[in-house]
$ cat final.pdb   # PDB, C-alpha atoms and all ligand atoms
ATOM      1  CA  MET A1166     -23.846 -21.353   3.284  1.00  0.00           C
ATOM      2  CA  GLU A1167     -20.160 -21.092   4.113  1.00  0.00           C
ATOM      3  CA  ILE A1168     -17.358 -21.279   1.558  1.00  0.00           C
ATOM      4  CA  ALA A1169     -13.775 -21.806   2.640  1.00  0.00           C
ATOM      5  CA  VAL A1170     -11.543 -19.044   1.272  1.00  0.00           C
ATOM      6  CA  VAL A1171      -7.781 -18.609   1.402  1.00  0.00           C
ATOM      7  CA  ARG A1172      -6.499 -15.072   1.058  1.00  0.00           C
ATOM      8  CA  LEU A1173      -3.414 -15.364  -1.095  1.00  0.00           C
ATOM      9  CA  ASP A1174      -3.034 -11.612  -0.632  1.00  0.00           C
ATOM     10  CA  PRO A1175      -3.825 -11.047   3.063  1.00  0.00           C
ATOM     11  CA  ASP A1176      -3.874  -7.234   2.788  1.00  0.00           C
ATOM     12  CA  LEU A1177      -7.039  -7.298   0.665  1.00  0.00           C
ATOM     13  CA  PRO A1178     -10.495  -8.142   2.051  1.00  0.00           C
ATOM     14  CA  LEU A1179     -12.554 -11.258   1.379  1.00  0.00           C
ATOM     15  CA  PRO A1180     -15.167 -11.170  -1.402  1.00  0.00           C
ATOM     16  CA  ALA A1181     -18.203  -9.325  -0.066  1.00  0.00           C
ATOM     17  CA  TYR A1182     -21.805  -8.634  -0.975  1.00  0.00           C
ATOM     18  CA  ALA A1183     -22.471  -4.889  -1.225  1.00  0.00           C
ATOM     19  CA  HIS A1184     -26.029  -5.326   0.140  1.00  0.00           C
ATOM     20  CA  PRO A1185     -27.833  -8.125   1.966  1.00  0.00           C
ATOM     21  CA  GLY A1186     -29.479 -10.377  -0.608  1.00  0.00           C
ATOM     22  CA  ASP A1187     -27.196  -9.379  -3.487  1.00  0.00           C
ATOM     23  CA  ALA A1188     -26.487 -12.239  -5.869  1.00  0.00           C
ATOM     24  CA  GLY A1189     -22.885 -11.305  -6.596  1.00  0.00           C
ATOM     25  CA  ALA A1190     -19.989 -10.883  -4.178  1.00  0.00           C
ATOM     26  CA  ASP A1191     -17.453  -8.400  -5.487  1.00  0.00           C
ATOM     27  CA  LEU A1192     -14.040  -9.626  -6.588  1.00  0.00           C
ATOM     28  CA  LEU A1193     -11.018  -7.333  -6.426  1.00  0.00           C
ATOM     29  CA  THR A1194      -7.916  -7.003  -8.537  1.00  0.00           C
ATOM     30  CA  THR A1195      -4.640  -7.330  -6.626  1.00  0.00           C
ATOM     31  CA  VAL A1196      -2.729  -5.443  -9.305  1.00  0.00           C
ATOM     32  CA  ASP A1197      -2.765  -2.095 -11.093  1.00  0.00           C
ATOM     33  CA  VAL A1198      -3.431  -2.350 -14.798  1.00  0.00           C
ATOM     34  CA  THR A1199      -4.251  -0.072 -17.715  1.00  0.00           C
ATOM     35  CA  LEU A1200      -6.290  -1.613 -20.507  1.00  0.00           C
ATOM     36  CA  ALA A1201      -6.008   0.078 -23.890  1.00  0.00           C
ATOM     37  CA  PRO A1202      -9.065  -0.012 -26.170  1.00  0.00           C
ATOM     38  CA  GLY A1203      -9.553  -3.637 -27.214  1.00  0.00           C
ATOM     39  CA  GLU A1204      -6.971  -4.921 -24.738  1.00  0.00           C
ATOM     40  CA  ARG A1205      -7.634  -7.806 -22.345  1.00  0.00           C
ATOM     41  CA  ALA A1206      -5.865  -9.015 -19.224  1.00  0.00           C
ATOM     42  CA  LEU A1207      -6.132 -11.958 -16.852  1.00  0.00           C
ATOM     43  CA  LEU A1208      -6.265 -10.352 -13.423  1.00  0.00           C
ATOM     44  CA  PRO A1209      -5.541 -12.057 -10.097  1.00  0.00           C
ATOM     45  CA  THR A1210      -8.111 -11.640  -7.299  1.00  0.00           C
ATOM     46  CA  GLY A1211      -5.956 -12.852  -4.402  1.00  0.00           C
ATOM     47  CA  ILE A1212      -8.394 -15.567  -3.347  1.00  0.00           C
ATOM     48  CA  ALA A1213      -8.695 -19.327  -3.680  1.00  0.00           C
ATOM     49  CA  LEU A1214     -11.925 -21.174  -2.835  1.00  0.00           C
ATOM     50  CA  ALA A1215     -13.218 -24.603  -1.949  1.00  0.00           C
ATOM     51  CA  LEU A1216     -16.763 -24.570  -3.312  1.00  0.00           C
ATOM     52  CA  PRO A1217     -18.824 -27.505  -2.044  1.00  0.00           C
ATOM     53  CA  HIS A1218     -19.529 -30.295  -4.522  1.00  0.00           C
ATOM     54  CA  GLY A1219     -22.761 -29.468  -6.371  1.00  0.00           C
ATOM     55  CA  TYR A1220     -22.005 -25.734  -6.583  1.00  0.00           C
ATOM     56  CA  VAL A1221     -20.349 -23.501  -9.171  1.00  0.00           C
ATOM     57  CA  GLY A1222     -18.897 -20.007  -8.940  1.00  0.00           C
ATOM     58  CA  LEU A1223     -19.794 -17.795 -11.881  1.00  0.00           C
ATOM     59  CA  VAL A1224     -17.622 -14.744 -12.580  1.00  0.00           C
ATOM     60  CA  HIS A1225     -19.996 -12.092 -13.882  1.00  0.00           C
ATOM     61  CA  PRO A1226     -19.153  -8.609 -15.169  1.00  0.00           C
ATOM     62  CA  ARG A1227     -20.097  -5.541 -13.108  1.00  0.00           C
ATOM     63  CA  SER A1228     -22.679  -3.464 -14.921  1.00  0.00           C
ATOM     64  CA  GLY A1229     -21.188  -0.167 -13.713  1.00  0.00           C
ATOM     65  CA  LEU A1230     -17.797  -0.925 -15.250  1.00  0.00           C
ATOM     66  CA  ALA A1231     -19.531  -2.061 -18.433  1.00  0.00           C
ATOM     67  CA  ALA A1232     -21.750   1.029 -18.721  1.00  0.00           C
ATOM     68  CA  ARG A1233     -19.100   3.605 -17.727  1.00  0.00           C
ATOM     69  CA  HIS A1234     -16.007   2.135 -19.341  1.00  0.00           C
ATOM     70  CA  GLY A1235     -17.030  -0.678 -21.684  1.00  0.00           C
ATOM     71  CA  VAL A1236     -15.171  -3.149 -19.468  1.00  0.00           C
ATOM     72  CA  THR A1237     -16.552  -6.676 -19.322  1.00  0.00           C
ATOM     73  CA  VAL A1238     -15.513 -10.297 -18.753  1.00  0.00           C
ATOM     74  CA  VAL A1239     -14.326 -11.977 -21.959  1.00  0.00           C
ATOM     75  CA  ASN A1240     -15.603 -15.435 -20.994  1.00  0.00           C
ATOM     76  CA  ALA A1241     -18.692 -14.192 -19.155  1.00  0.00           C
ATOM     77  CA  PRO A1242     -19.699 -15.808 -16.990  1.00  0.00           C
ATOM     78  CA  GLY A1243     -16.409 -17.422 -16.043  1.00  0.00           C
ATOM     79  CA  THR A1244     -16.783 -20.861 -14.493  1.00  0.00           C
ATOM     80  CA  ILE A1245     -15.138 -21.707 -11.165  1.00  0.00           C
ATOM     81  CA  ASP A1246     -15.397 -25.475 -10.796  1.00  0.00           C
ATOM     82  CA  ALA A1247     -16.025 -26.838  -7.313  1.00  0.00           C
ATOM     83  CA  GLY A1248     -12.760 -28.774  -7.446  1.00  0.00           C
ATOM     84  CA  TYR A1249     -10.638 -25.772  -8.462  1.00  0.00           C
ATOM     85  CA  ARG A1250      -8.207 -24.748  -5.736  1.00  0.00           C
ATOM     86  CA  GLY A1251      -6.106 -22.261  -7.678  1.00  0.00           C
ATOM     87  CA  GLU A1252      -6.395 -18.490  -7.566  1.00  0.00           C
ATOM     88  CA  VAL A1253      -9.653 -17.120  -8.960  1.00  0.00           C
ATOM     89  CA  LYS A1254      -8.801 -14.945 -11.946  1.00  0.00           C
ATOM     90  CA  VAL A1255     -10.845 -12.529 -14.007  1.00  0.00           C
ATOM     91  CA  LEU A1256     -10.378 -12.113 -17.749  1.00  0.00           C
ATOM     92  CA  LEU A1257     -11.332  -8.507 -18.417  1.00  0.00           C
ATOM     93  CA  VAL A1258     -11.495  -6.719 -21.754  1.00  0.00           C
ATOM     94  CA  ASN A1259     -11.864  -3.030 -22.519  1.00  0.00           C
ATOM     95  CA  LEU A1260     -14.433  -2.760 -25.316  1.00  0.00           C
ATOM     96  CA  ASP A1261     -14.380   1.046 -25.408  1.00  0.00           C
ATOM     97  CA  PRO A1262     -13.380   2.080 -28.951  1.00  0.00           C
ATOM     98  CA  SER A1263     -11.176   4.986 -27.867  1.00  0.00           C
ATOM     99  CA  GLU A1264     -10.623   5.343 -24.084  1.00  0.00           C
ATOM    100  CA  PRO A1265      -8.134   3.342 -22.039  1.00  0.00           C
ATOM    101  CA  VAL A1266      -9.230   2.361 -18.524  1.00  0.00           C
ATOM    102  CA  GLU A1267      -7.043   2.368 -15.408  1.00  0.00           C
ATOM    103  CA  LEU A1268      -7.735  -0.205 -12.725  1.00  0.00           C
ATOM    104  CA  HIS A1269      -6.012  -0.127  -9.366  1.00  0.00           C
ATOM    105  CA  ARG A1270      -5.217  -2.744  -6.744  1.00  0.00           C
ATOM    106  CA  GLY A1271      -8.296  -3.186  -4.562  1.00  0.00           C
ATOM    107  CA  ASP A1272     -10.776  -2.098  -7.262  1.00  0.00           C
ATOM    108  CA  ARG A1273     -13.887  -4.237  -7.611  1.00  0.00           C
ATOM    109  CA  ILE A1274     -13.617  -5.711 -11.092  1.00  0.00           C
ATOM    110  CA  ALA A1275     -16.213  -8.499 -11.266  1.00  0.00           C
ATOM    111  CA  GLN A1276     -18.688 -10.386  -9.095  1.00  0.00           C
ATOM    112  CA  LEU A1277     -18.892 -13.993  -8.036  1.00  0.00           C
ATOM    113  CA  VAL A1278     -22.329 -15.637  -8.157  1.00  0.00           C
ATOM    114  CA  VAL A1279     -22.479 -18.989  -6.365  1.00  0.00           C
ATOM    115  CA  GLN A1280     -25.137 -21.350  -7.663  1.00  0.00           C
ATOM    116  CA  ARG A1281     -26.190 -24.933  -7.305  1.00  0.00           C
ATOM    117  CA  VAL A1282     -25.438 -27.007 -10.353  1.00  0.00           C
ATOM    118  CA  GLU A1283     -26.522 -30.431 -11.558  1.00  0.00           C
ATOM    119  CA  THR A1284     -24.126 -33.017 -12.868  1.00  0.00           C
ATOM    120  CA  ALA A1285     -25.859 -34.636 -15.853  1.00  0.00           C
ATOM    121  CA  THR A1286     -25.550 -38.147 -17.173  1.00  0.00           C
ATOM    122  CA  PHE A1287     -25.527 -37.987 -20.980  1.00  0.00           C
ATOM    123  CA  VAL A1288     -27.611 -40.843 -22.352  1.00  0.00           C
ATOM    124  CA  GLU A1289     -27.388 -41.476 -26.087  1.00  0.00           C
ATOM    125  CA  VAL A1290     -30.693 -42.081 -27.929  1.00  0.00           C
ATOM    126  CA  ASP A1291     -31.621 -42.448 -31.626  1.00  0.00           C
ATOM    127  CA  VAL A1292     -34.542 -40.011 -31.624  1.00  0.00           C
ATOM    128  CA  LEU A1293     -35.307 -37.111 -29.299  1.00  0.00           C
ATOM    129  CA  PRO A1294     -38.788 -36.581 -27.846  1.00  0.00           C
ATOM    130  CA  SER A1295     -40.730 -34.010 -29.896  1.00  0.00           C
ATOM    131  CA  SER A1296     -41.333 -30.484 -28.612  1.00  0.00           C
ATOM    132  CA  GLU A1297     -43.289 -27.393 -29.650  1.00  0.00           C
ATOM    133  CA  ARG A1298     -40.100 -25.430 -30.511  1.00  0.00           C
ATOM    134  CA  GLY A1299     -38.489 -28.276 -32.360  1.00  0.00           C
ATOM    135  CA  SER A1300     -35.266 -27.160 -34.039  1.00  0.00           C
ATOM    136  CA  GLY A1301     -36.297 -23.515 -34.458  1.00  0.00           C
ATOM    137  CA  GLY A1302     -33.795 -21.075 -33.009  1.00  0.00           C
ATOM    138  CA  TYR A1303     -31.580 -18.096 -33.835  1.00  0.00           C
ATOM    139  CA  GLY A1304     -34.478 -15.666 -34.339  1.00  0.00           C
ATOM    140  CA  SER A1305     -37.101 -18.182 -35.463  1.00  0.00           C
ATOM    141  CA  THR A1306     -39.745 -16.298 -33.423  1.00  0.00           C
ATOM    142  CA  GLY A1307     -39.002 -12.953 -35.112  1.00  0.00           C
ATOM    143  CA  GLY A1308     -36.977  -9.842 -34.298  1.00  0.00           C
ATOM    144  CA  PHE A1309     -37.676  -7.032 -31.813  1.00  0.00           C
ATOM    145  CA  GLY A1310     -41.429  -7.544 -31.983  1.00  0.00           C
ATOM    146  CA  ARG A1311     -42.099  -4.147 -33.638  1.00  0.00           C
ATOM    147  CA  PRO A1312     -44.597  -4.201 -36.511  1.00  0.00           C
TER     148      PRO A1312
HETATM  149  O1  LIG B1401     -13.048 -16.734 -15.227  1.00  0.00           O
HETATM  150  C1  LIG B1401     -12.471 -17.756 -14.816  1.00  0.00           C
HETATM  151  C2  LIG B1401     -12.658 -19.002 -15.429  1.00  0.00           C
HETATM  152  C3  LIG B1401     -11.961 -20.090 -14.930  1.00  0.00           C
HETATM  153  N1  LIG B1401     -11.128 -19.963 -13.862  1.00  0.00           N
HETATM  154  C4  LIG B1401     -10.460 -21.137 -13.295  1.00  0.00           C
HETATM  155  C5  LIG B1401     -11.415 -21.945 -12.429  1.00  0.00           C
HETATM  156  C6  LIG B1401     -11.900 -23.023 -13.316  1.00  0.00           C
HETATM  157  O2  LIG B1401     -12.296 -24.150 -12.570  1.00  0.00           O
HETATM  158  C7  LIG B1401     -10.674 -23.263 -14.172  1.00  0.00           C
HETATM  159  C8  LIG B1401     -10.982 -23.836 -15.532  1.00  0.00           C
HETATM  160  O3  LIG B1401     -11.881 -22.989 -16.193  1.00  0.00           O
HETATM  161  P1  LIG B1401     -12.612 -23.442 -17.528  1.00  0.00           P
HETATM  162  O4  LIG B1401     -13.111 -24.831 -17.398  1.00  0.00           O
HETATM  163  O5  LIG B1401     -13.571 -22.369 -17.901  1.00  0.00           O
HETATM  164  O6  LIG B1401     -11.397 -23.336 -18.573  1.00  0.00           O
HETATM  165  P2  LIG B1401     -10.851 -24.405 -19.606  1.00  0.00           P
HETATM  166  O7  LIG B1401     -10.296 -23.616 -20.723  1.00  0.00           O
HETATM  167  O8  LIG B1401     -11.903 -25.439 -19.931  1.00  0.00           O
HETATM  168  O9  LIG B1401      -9.645 -25.015 -18.777  1.00  0.00           O
HETATM  169  P3  LIG B1401      -9.520 -26.472 -18.103  1.00  0.00           P
HETATM  170  O10 LIG B1401      -9.037 -27.341 -19.193  1.00  0.00           O
HETATM  171  O11 LIG B1401      -8.524 -26.261 -16.992  1.00  0.00           O
HETATM  172  O12 LIG B1401     -10.875 -26.873 -17.580  1.00  0.00           O
HETATM  173  O13 LIG B1401     -10.057 -21.984 -14.334  1.00  0.00           O
HETATM  174  C9  LIG B1401     -10.960 -18.735 -13.240  1.00  0.00           C
HETATM  175  O14 LIG B1401     -10.228 -18.594 -12.279  1.00  0.00           O
HETATM  176  N2  LIG B1401     -11.629 -17.669 -13.750  1.00  0.00           N
HETATM  177 MG    MG B1402     -12.815 -26.674 -18.427  1.00  0.00          MG
END

$ encode --input "final.pdb" --output "C-alpha cells"
Amino acid sequence: MEIAVVRLDPDLPLPAYAHPGDAGADLLTTVDVTLAPGERALLPTGIALALPHGYVGLVHPRSGLAARHGVTVVNAPGTIDAGYRGEVKVLLVNLDPSEPVELHRGDRIAQLVVQRVETATFVEVDVLPSSERGSGGYGSTGGFGRP
C-alpha cells in the first residue's frame, strides 16, 4: 500500500523498512538531544502522513535502544490517527537509572507499524453474554507457571 508523506525536513530520508517484510519502518529524530536518567522528550520526526481511512500508525519502541540504553516510548505504542496531518512525534524516555543517552539528528529512534483498524459501534446492553474467562483477570490464571 502507498501512504502519502510530506517531508517537513527535506534533508532527512523518508521512513524506511530495514529489511523486506519488516513490520516497522524506522522513524528518525530531526534534532540532537541528551536524555538524563528518567528524562523524557517529545521528538520531531520531520514527517507528516495521510494514512488511509481504516488504518492506524503505531509508534513502537526499538528493541535495540531499549536493551542497550533503556530508552523506550512513554505512550507505547503511540497512536497516529488516520486523520492526523501534523508532524509525527515520538515521546521517548530514558529509563536507565544512571546513564544519560545522546541522540543525534538522523538517528532511528522508533518504528512506525501501519495496521488496519476497525471502527466499532458501541451498543449498550443490560447484560453481557457469558464467557469462560468471565471477569477473571490480573493474574487470575496464576504467575510464571513454575511449581
Ligand atoms: O506518539 C504519538 C502519539 C500521537 N501523535 C499524534 C497523532 C495522533 O493522531 C495525535 C493524537 O494522539 P492521541 O490520540 O494519542 O493523544 P490525545 O492525548 O488523545 O490527544 P487528542 O486529544 O489530540 O486526540 O497526536 C504523535 O504524533 N505521536
Ligand atoms: Mg486522542

$ residues_near_ligand --input "final.pdb" --ligand "ligand LIG 1401 (chain B)" --cutoff "12 Å" --atoms "all atoms listed in the file" --output "PDB file with C-alpha atoms, keeping the file's coordinate frame"
ATOM      1  CA  LEU A1192     -14.040  -9.626  -6.588  1.00  0.00           C
ATOM      2  CA  ALA A1206      -5.865  -9.015 -19.224  1.00  0.00           C
ATOM      3  CA  LEU A1207      -6.132 -11.958 -16.852  1.00  0.00           C
ATOM      4  CA  LEU A1208      -6.265 -10.352 -13.423  1.00  0.00           C
ATOM      5  CA  PRO A1209      -5.541 -12.057 -10.097  1.00  0.00           C
ATOM      6  CA  THR A1210      -8.111 -11.640  -7.299  1.00  0.00           C
ATOM      7  CA  GLY A1211      -5.956 -12.852  -4.402  1.00  0.00           C
ATOM      8  CA  ILE A1212      -8.394 -15.567  -3.347  1.00  0.00           C
ATOM      9  CA  ALA A1213      -8.695 -19.327  -3.680  1.00  0.00           C
ATOM     10  CA  LEU A1214     -11.925 -21.174  -2.835  1.00  0.00           C
ATOM     11  CA  ALA A1215     -13.218 -24.603  -1.949  1.00  0.00           C
ATOM     12  CA  LEU A1216     -16.763 -24.570  -3.312  1.00  0.00           C
ATOM     13  CA  TYR A1220     -22.005 -25.734  -6.583  1.00  0.00           C
ATOM     14  CA  VAL A1221     -20.349 -23.501  -9.171  1.00  0.00           C
ATOM     15  CA  GLY A1222     -18.897 -20.007  -8.940  1.00  0.00           C
ATOM     16  CA  LEU A1223     -19.794 -17.795 -11.881  1.00  0.00           C
ATOM     17  CA  VAL A1224     -17.622 -14.744 -12.580  1.00  0.00           C
ATOM     18  CA  HIS A1225     -19.996 -12.092 -13.882  1.00  0.00           C
ATOM     19  CA  PRO A1226     -19.153  -8.609 -15.169  1.00  0.00           C
ATOM     20  CA  THR A1237     -16.552  -6.676 -19.322  1.00  0.00           C
ATOM     21  CA  VAL A1238     -15.513 -10.297 -18.753  1.00  0.00           C
ATOM     22  CA  VAL A1239     -14.326 -11.977 -21.959  1.00  0.00           C
ATOM     23  CA  ASN A1240     -15.603 -15.435 -20.994  1.00  0.00           C
ATOM     24  CA  ALA A1241     -18.692 -14.192 -19.155  1.00  0.00           C
ATOM     25  CA  PRO A1242     -19.699 -15.808 -16.990  1.00  0.00           C
ATOM     26  CA  GLY A1243     -16.409 -17.422 -16.043  1.00  0.00           C
ATOM     27  CA  THR A1244     -16.783 -20.861 -14.493  1.00  0.00           C
ATOM     28  CA  ILE A1245     -15.138 -21.707 -11.165  1.00  0.00           C
ATOM     29  CA  ASP A1246     -15.397 -25.475 -10.796  1.00  0.00           C
ATOM     30  CA  ALA A1247     -16.025 -26.838  -7.313  1.00  0.00           C
ATOM     31  CA  GLY A1248     -12.760 -28.774  -7.446  1.00  0.00           C
ATOM     32  CA  TYR A1249     -10.638 -25.772  -8.462  1.00  0.00           C
ATOM     33  CA  ARG A1250      -8.207 -24.748  -5.736  1.00  0.00           C
ATOM     34  CA  GLY A1251      -6.106 -22.261  -7.678  1.00  0.00           C
ATOM     35  CA  GLU A1252      -6.395 -18.490  -7.566  1.00  0.00           C
ATOM     36  CA  VAL A1253      -9.653 -17.120  -8.960  1.00  0.00           C
ATOM     37  CA  LYS A1254      -8.801 -14.945 -11.946  1.00  0.00           C
ATOM     38  CA  VAL A1255     -10.845 -12.529 -14.007  1.00  0.00           C
ATOM     39  CA  LEU A1256     -10.378 -12.113 -17.749  1.00  0.00           C
ATOM     40  CA  LEU A1257     -11.332  -8.507 -18.417  1.00  0.00           C
ATOM     41  CA  ILE A1274     -13.617  -5.711 -11.092  1.00  0.00           C
ATOM     42  CA  ALA A1275     -16.213  -8.499 -11.266  1.00  0.00           C
ATOM     43  CA  GLN A1276     -18.688 -10.386  -9.095  1.00  0.00           C
ATOM     44  CA  LEU A1277     -18.892 -13.993  -8.036  1.00  0.00           C
ATOM     45  CA  VAL A1278     -22.329 -15.637  -8.157  1.00  0.00           C
TER      46      VAL A1278
END

$ residues_near_point --input "final.pdb" --point "(-3.1, -2.6, -14.4)" --cutoff "7 Å" --atoms "all atoms listed in the file" --output "PyMOL selection string"
chain A and resi 1196-1200+1267-1269

$ resolve_selection --input "final.pdb" --expression "the PyMOL selection byres (((chain A and resi 1230-1234) around 8) and not hetatm)" --output "PyMOL selection string"
chain A and resi 1226-1229+1235-1237+1259-1261+1264+1266+1274

$ build_atoms --input "final.pdb" --residues "stretch 1259-1278 of chain A" --atoms "N, CA and C atoms" --output "PDB file, in the frame of the given file"
ATOM      1  N   ASN A1259     -11.378  -4.396 -22.353  1.00  0.00           N
ATOM      2  CA  ASN A1259     -11.864  -3.030 -22.519  1.00  0.00           C
ATOM      3  C   ASN A1259     -12.441  -2.900 -23.924  1.00  0.00           C
ATOM      4  N   LEU A1260     -13.769  -2.836 -24.010  1.00  0.00           N
ATOM      5  CA  LEU A1260     -14.433  -2.760 -25.316  1.00  0.00           C
ATOM      6  C   LEU A1260     -14.665  -1.323 -25.757  1.00  0.00           C
ATOM      7  N   ASP A1261     -14.204  -0.337 -24.963  1.00  0.00           N
ATOM      8  CA  ASP A1261     -14.380   1.046 -25.408  1.00  0.00           C
ATOM      9  C   ASP A1261     -13.536   1.266 -26.674  1.00  0.00           C
ATOM     10  N   PRO A1262     -14.111   1.922 -27.687  1.00  0.00           N
ATOM     11  CA  PRO A1262     -13.380   2.080 -28.951  1.00  0.00           C
ATOM     12  C   PRO A1262     -12.226   3.071 -28.882  1.00  0.00           C
ATOM     13  N   SER A1263     -12.226   3.960 -27.856  1.00  0.00           N
ATOM     14  CA  SER A1263     -11.176   4.986 -27.867  1.00  0.00           C
ATOM     15  C   SER A1263     -10.504   5.247 -26.517  1.00  0.00           C
ATOM     16  N   GLU A1264     -11.175   4.963 -25.394  1.00  0.00           N
ATOM     17  CA  GLU A1264     -10.623   5.343 -24.084  1.00  0.00           C
ATOM     18  C   GLU A1264      -9.956   4.173 -23.371  1.00  0.00           C
ATOM     19  N   PRO A1265      -8.715   4.358 -22.932  1.00  0.00           N
ATOM     20  CA  PRO A1265      -8.134   3.342 -22.039  1.00  0.00           C
ATOM     21  C   PRO A1265      -8.808   3.411 -20.675  1.00  0.00           C
ATOM     22  N   VAL A1266      -8.689   2.341 -19.884  1.00  0.00           N
ATOM     23  CA  VAL A1266      -9.230   2.361 -18.524  1.00  0.00           C
ATOM     24  C   VAL A1266      -8.125   1.943 -17.565  1.00  0.00           C
ATOM     25  N   GLU A1267      -8.034   2.675 -16.442  1.00  0.00           N
ATOM     26  CA  GLU A1267      -7.043   2.368 -15.408  1.00  0.00           C
ATOM     27  C   GLU A1267      -7.733   1.659 -14.256  1.00  0.00           C
ATOM     28  N   LEU A1268      -7.208   0.511 -13.888  1.00  0.00           N
ATOM     29  CA  LEU A1268      -7.735  -0.205 -12.725  1.00  0.00           C
ATOM     30  C   LEU A1268      -6.624  -0.292 -11.690  1.00  0.00           C
ATOM     31  N   HIS A1269      -7.006  -0.145 -10.432  1.00  0.00           N
ATOM     32  CA  HIS A1269      -6.012  -0.127  -9.366  1.00  0.00           C
ATOM     33  C   HIS A1269      -6.241  -1.270  -8.396  1.00  0.00           C
ATOM     34  N   ARG A1270      -5.150  -1.719  -7.791  1.00  0.00           N
ATOM     35  CA  ARG A1270      -5.217  -2.744  -6.744  1.00  0.00           C
ATOM     36  C   ARG A1270      -6.333  -2.404  -5.754  1.00  0.00           C
ATOM     37  N   GLY A1271      -7.181  -3.392  -5.499  1.00  0.00           N
ATOM     38  CA  GLY A1271      -8.296  -3.186  -4.562  1.00  0.00           C
ATOM     39  C   GLY A1271      -9.590  -2.789  -5.243  1.00  0.00           C
ATOM     40  N   ASP A1272      -9.533  -2.438  -6.547  1.00  0.00           N
ATOM     41  CA  ASP A1272     -10.776  -2.098  -7.262  1.00  0.00           C
ATOM     42  C   ASP A1272     -11.634  -3.345  -7.443  1.00  0.00           C
ATOM     43  N   ARG A1273     -12.940  -3.139  -7.398  1.00  0.00           N
ATOM     44  CA  ARG A1273     -13.887  -4.237  -7.611  1.00  0.00           C
ATOM     45  C   ARG A1273     -14.086  -4.412  -9.112  1.00  0.00           C
ATOM     46  N   ILE A1274     -13.675  -5.555  -9.633  1.00  0.00           N
ATOM     47  CA  ILE A1274     -13.617  -5.711 -11.092  1.00  0.00           C
ATOM     48  C   ILE A1274     -14.655  -6.683 -11.643  1.00  0.00           C
ATOM     49  N   ALA A1275     -15.248  -7.499 -10.798  1.00  0.00           N
ATOM     50  CA  ALA A1275     -16.213  -8.499 -11.266  1.00  0.00           C
ATOM     51  C   ALA A1275     -16.970  -8.980 -10.043  1.00  0.00           C
ATOM     52  N   GLN A1276     -17.936  -9.875 -10.238  1.00  0.00           N
ATOM     53  CA  GLN A1276     -18.688 -10.386  -9.095  1.00  0.00           C
ATOM     54  C   GLN A1276     -18.887 -11.885  -9.229  1.00  0.00           C
ATOM     55  N   LEU A1277     -18.782 -12.535  -8.089  1.00  0.00           N
ATOM     56  CA  LEU A1277     -18.892 -13.993  -8.036  1.00  0.00           C
ATOM     57  C   LEU A1277     -20.299 -14.388  -7.602  1.00  0.00           C
ATOM     58  N   VAL A1278     -20.998 -15.123  -8.473  1.00  0.00           N
ATOM     59  CA  VAL A1278     -22.329 -15.637  -8.157  1.00  0.00           C
ATOM     60  C   VAL A1278     -22.186 -17.137  -7.900  1.00  0.00           C
TER      61      VAL A1278
END
